[in-house]
Each structure stands twice: as structure tokens, then as C-alpha cells.
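*Asks:* If you scroll down you'll find the structure; I have some questions about it.
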Amino acid sequence: MSDLKYWLGFNIVKGIGAAKLQALRDHFGSMEIAWRTDSAELKRIGLDKRTIASFLTTRTELDLDGEMEKLQKMGVDLICWDSAEYPPQLRDIPASPPVLYVKGELRETDRWAIAIVGTRRLSAYGRQMTHLITSGLLRHDITIVSGLARGIDSVAHKLAVEQGGRTIGVLACGIDCIYPPENRKLADQIADGQGAIISEHALGVQPEKKNFPPRNRIISGLSLGTVVVEAAEISGALITTKFAREQGREVYAVPGNANSRASKGTNKLIKQGGKLVTEAQDILEDLNLERAPEQQAVQMVLPDSAEEAALIPLLAETPRHVDELSRASGLPAPLVSSTLVMMELKGQVQQVGGMQYALIREATVAYEVEG
């Protein structure tokens, strides 16, 4: 993509976030044109003086080709909103990251993902429950998403690696600044064929405290649901569940000892409507994921209307959000929704949380297109 290095450039400019980047893209239609424009034009579209000054300084000092070459040498891919590889379930969330740095590989099947998060100071009980739930999900080919932090996160990622599953680690720093440092080997193992390490931050960005809450919106945004195994009453894991709810994704919590500090957060989540889970099956049943796509029997799905004929091929492999189906099919969102409701009543599709739908089984689609 010819514009990619300009996306990288704007991502480095201080003061330009998702909203301003969207305004630039809408106004100029090309990030290259936006990068080359003058300060007067930037002011006309609403950028403040400080942001414009930051942009002009960065544009003068930054070697875009050099930055892209650094990524290539490190084996890091850069994807943006306009990239075909950008995770569609993440694109649908509010304030989705305009740019992602990816080491490893993101796959279509990673839409079947569950986030597992929790305390850094896990108990023996927390470790046991993380093992139980993560292993159960991995047996159904569910991708495990977490934050590569100490504690619950690390246990979940390591299990995925050990059991040959897939996992995605989301960083709150540059992809060259793995944190905590003792997880560098784990990050390399994940990127080496078992998933991906991703970040919205440019190379060299350190793991500052302010970066962690926004990171959590990506963890939940990549996932059909978020499971909290252990968490104190004030915890980063609970921030992840706040984002999950805002994104229309499911929230699950593992109950714990009422006297345990590490379970106060999860028990509170349950009181507030989080779904109580004690094993992977609870999550699989709630999201209608008892059997993974690769394991499901093949059935013939025949469309009863032109709308169904347009939607079935789009649903053949992985869950898709109603808005994404609308964009891909060219059908109005209300028509897509009503068609999916009818297909669900007929047992053809299932909602797997957050207005995302999938075929009941991995289907062989057979229909004739009348010309």
C-alpha cells in the first residue's frame, strides 16, 4: 500500500489520534496528500496550533523510508484501517487504533478469540482456573488474547504456546520494547508461528503507565468475550471489561473466595452482571461455540432469498459483525439484521456475541445465480 509509510508518520506525530486521523483521511482522501499539505490547510480542517507545530517538526525530522526499513528488518508488519489484514472485529470498536504493528501473523480464524486477563499476583487457585479455562478453549481452536503481562496473562499465553494453539499478545509499548522483559522469549515463541504480538505504538515507545488502559480496549476489541480469572477491586483487568461492555462484547468472571483480595474484583463483576464461569464450556455454550469451525460437520446451506445468497458466502468461515456484513454485501444494515434474524430462526446462523454472526456449521454453499 503506497500510503502505508504516511500512516506510520502520522501515528508518530504527537497530538494526532484516531479522530484527527479520520478527519485528515476524510478531507484529503489520501494520507500522502495529507502528509504533504501546508499548515494553513491543516488549520482549516480544525487542527490546533500545537498539533500543527508537532506535525511540521516530525515531518521535517522523520525519515519515513528509513522507519519502514527498520520494521522490515525486524520482521514487523504495519497495517492500517485501510489494510485488508486489519482485524474487522477491531475496526468496529469506538476509537479503533488507526495503525497496528504486527510481529507474527493474524489469521481469519483469530476472529474466534476470547480474552483471558487478570491479576499479576495470581494465587494457586488463579493459576489452576487459568489452566482449566484456557486449555478448554484451546481444545476448541479458540485464539487466546491477553496483554503479555505477568501473572494470569503470561499463564494463558504460555499454555497456548505449549498446547500448539494460537494466541495474540497486545503491548502497551513499542513492539521492540517487550514488557515485562522476562517475557521476551515468550513473545518470540508466539510470533514464531503461534499467533502475533501487536501494538498501536511506534518503535521505541516505552511502557508508560498511561499506555495501559488504552491497550486494554484492543484486547477486548479483538475478542468475542473477556474472561477475568482473578482481579482486585481496582484492577487493569476490570478496565478491559469496561471496554468490552462499551464494545458490545461479553464479560465473564471466575468466582473466588469472598475473603480473597484477588477475587474481590471478579466477585464484584458477577454482582454487576458479569457472567459467572467455572469452566470453558460455560463460555462456549454462551457464545454458541461448543464446536470450533475446523471441527464442525459440513452441511449444505441453501439460500431462500437474494439477501441470504449475498450473506452466506460472507459467513462461511468466521464470525462477522452486522456492520461489516452490510459493507461487504452492499445491503442496508437493517435489511442485513432482519435477514440474519430469519436465518437464525431457521437454524442456519448463530449470534456469537456483540452482534457478530456465524454459520451454525462450516458450510458448503450451493446455489445458482440467475442471470
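In the C-alpha cells, chains take the letters A, B, ... in the order shown, each chain's residues start at 1, and ligands count up from 1 in the order shown.
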Need the shell around range 65-72 of chain A: protein/DNA/RNA residues with any atom at most 10 Å away, counting only C-alpha atoms. Skip same-chain ones fewer than 3 positions apart. Format as a list of chain:residue names?
*Replies:*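 Near neighbours after the sequence-gap exclusion: A:Leu4, A:Lys5, A:Tyr6, A:Leu8, A:Gly9, A:Leu62, A:Gly75, A:Val76, A:Asp77, A:Leu78, A:Tyr101, A:Val102, A:Lys103, A:Ile175, A:Asp176, A:Ala202, A:Leu203.
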*Asks:* So which residues touch Glu307 in chain A within 12 Å, counting only C-alpha atoms, skipping near sequence neighbours fewer than 4 positions away, as a ChimeraX atom specification?
*Replies:* /A:302-303,311-314,325-326,329-340,342-343
*Asks:* Would you mind telling me which residue in A:Pro98, A:Pro181, A:Gly15, A:Gly169 lies nearest to Ala156 in chain A when using only C-alpha atoms?
*Replies:*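 Using only C-alpha atoms, the shortest distance to Ala156 in chain A belongs to A:Gly169.
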*Asks:* Choose the residue, out of A:Glu108, A:Gln356, A:Asn183, A:Asp3, that has the smallest atom-to-atom separation from Ile33 in chain A; count only C-alpha atoms.
*Replies:*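 Answer, going by the shortest atom-to-atom distance: A:Asp3.
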*Asks:* One number please: CA of Met74 in chain A to CA of His157 in chain A, in Å, one decimal.
*Replies:* 21.8 Å
*Asks:* Please identify all polymer residues within 10 Å of Leu159 in chain A, counting only C-alpha atoms, omitting same-chain residues fewer than 3 positions from it, and present them as a short mmCIF file (atom, residue, chain, number, x, y, z; two decimals) with N, CA and C atoms, in the first residue's frame.
*Replies:*
```cif
data_model
loop_
_atom_site.label_atom_id
_atom_site.label_comp_id
_atom_site.auth_asym_id
_atom_site.auth_seq_id
_atom_site.Cartn_x
_atom_site.Cartn_y
_atom_site.Cartn_z
N THR A 130 -7.00 -20.59 35.45
CA THR A 130 -6.50 -20.14 34.15
C THR A 130 -6.15 -21.34 33.28
N HIS A 131 -5.49 -22.33 33.87
CA HIS A 131 -5.17 -23.57 33.15
C HIS A 131 -6.44 -24.24 32.64
N THR A 134 -8.37 -21.89 29.93
CA THR A 134 -7.58 -21.70 28.71
C THR A 134 -7.45 -23.01 27.94
N SER A 135 -7.13 -24.08 28.62
CA SER A 135 -6.97 -25.37 27.95
C SER A 135 -8.26 -25.81 27.28
N LEU A 138 -8.67 -23.76 24.12
CA LEU A 138 -7.70 -24.17 23.10
C LEU A 138 -8.11 -25.46 22.42
N ILE A 144 -6.47 -17.26 22.01
CA ILE A 144 -6.40 -16.62 23.32
C ILE A 144 -5.75 -15.25 23.17
N SER A 154 0.42 -14.11 31.37
CA SER A 154 1.54 -14.98 30.97
C SER A 154 1.16 -16.44 30.98
N VAL A 155 0.41 -16.85 32.00
CA VAL A 155 -0.01 -18.25 32.09
C VAL A 155 -0.85 -18.63 30.87
N ALA A 156 -1.80 -17.77 30.49
CA ALA A 156 -2.66 -18.05 29.34
C ALA A 156 -1.87 -18.13 28.04
N GLU A 162 2.42 -23.90 24.56
CA GLU A 162 2.73 -25.29 24.93
C GLU A 162 1.77 -26.29 24.27
N GLN A 163 0.50 -25.87 24.09
CA GLN A 163 -0.51 -26.78 23.56
C GLN A 163 -0.72 -26.61 22.06
N GLY A 164 0.15 -25.84 21.41
CA GLY A 164 0.08 -25.70 19.97
C GLY A 164 -1.10 -24.89 19.49
N GLY A 165 -1.64 -24.03 20.35
CA GLY A 165 -2.77 -23.19 19.95
C GLY A 165 -2.31 -21.84 19.44
N ARG A 166 -3.28 -20.96 19.26
CA ARG A 166 -2.96 -19.61 18.79
C ARG A 166 -3.24 -18.59 19.90
N THR A 167 -2.40 -17.55 19.93
CA THR A 167 -2.56 -16.53 20.94
C THR A 167 -2.06 -15.19 20.41
#
```
*Asks:* Mind listing the strand (DSSP E or B) residues of range 89-265 of chain A, per DSSP on the backbone, as a VMD selection string?
*Replies:* chain A and resid 99 to 104 113 to 117 143 to 146 167 to 170 195 to 199 225 to 228 250 to 253
*Asks:* What's around Leu137 in chain A at 12 Å? Count only C-alpha atoms, leave out sequence neighbours fewer than 5 positions away in its own chain, and write the answer as a VMD selection string.
*Replies:* chain A and resid 112 to 116 130 to 132 142 to 145 156 159 to 160 163 165 to 167 227 279 to 285 287 289 to 292
*Asks:* If we count only C-alpha atoms, what is near range 213-222 of chain A at a cut-off of 7 Å, once residues fewer than 3 positions away on the same chain are taken out, given as a PyMOL selection string?
*Replies:* chain A and resi 89-90+93+113+115+145-146+170-172+210+225-226+236+239-240+243-244+247
*Asks:* Between A:Gln128, A:Ser30, A:Ser235, A:Gln194, which one has atoms that come closest to Val161 in chain A, using only C-alpha atoms?
*Replies:*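 Going through A:Gln128, A:Ser30, A:Ser235, A:Gln194 one by one, the smallest distance to Val161 in chain A is for A:Gln194.
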*Asks:* As a list in words, please: the residues near Asp192 in chain A (cut-off 10 Å, only C-alpha atoms, same-chain neighbours under 4 positions excluded).
*Replies:*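 Once the nearby chain positions are removed, what remains is Lys103, Gly104, Glu105, Val161, Leu186, Ala187, Asp188, Ala196 and Ile197 of chain A.
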*Asks:* Could you write those residues out with N, CA and C atoms, as a short mmCIF file (atom, residue, chain, number, x, y, z; two decimals), in the first residue's frame?
*Replies:*
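Full text of selection03.cif as output:
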```cif
data_model
loop_
_atom_site.label_atom_id
_atom_site.label_comp_id
_atom_site.auth_asym_id
_atom_site.auth_seq_id
_atom_site.Cartn_x
_atom_site.Cartn_y
_atom_site.Cartn_z
N LYS A 103 3.96 -8.40 14.77
CA LYS A 103 5.04 -9.37 14.61
C LYS A 103 4.43 -10.75 14.75
N GLY A 104 4.52 -11.53 13.70
CA GLY A 104 3.82 -12.80 13.65
C GLY A 104 2.77 -12.74 12.56
N GLU A 105 1.64 -13.38 12.80
CA GLU A 105 0.60 -13.45 11.77
C GLU A 105 -0.78 -13.39 12.39
N VAL A 161 1.00 -21.59 23.74
CA VAL A 161 2.24 -22.00 23.06
C VAL A 161 2.52 -23.47 23.31
N LEU A 186 8.92 -15.51 25.42
CA LEU A 186 7.53 -15.91 25.18
C LEU A 186 6.98 -15.16 23.97
N ALA A 187 7.28 -13.88 23.87
CA ALA A 187 6.81 -13.09 22.73
C ALA A 187 7.36 -13.65 21.42
N ASP A 188 8.63 -14.03 21.43
CA ASP A 188 9.25 -14.61 20.23
C ASP A 188 8.58 -15.93 19.85
N ALA A 196 0.47 -13.77 17.20
CA ALA A 196 1.07 -12.47 16.90
C ALA A 196 1.24 -11.64 18.16
N ILE A 197 2.24 -10.78 18.11
CA ILE A 197 2.41 -9.71 19.10
C ILE A 197 2.06 -8.42 18.38
#
```
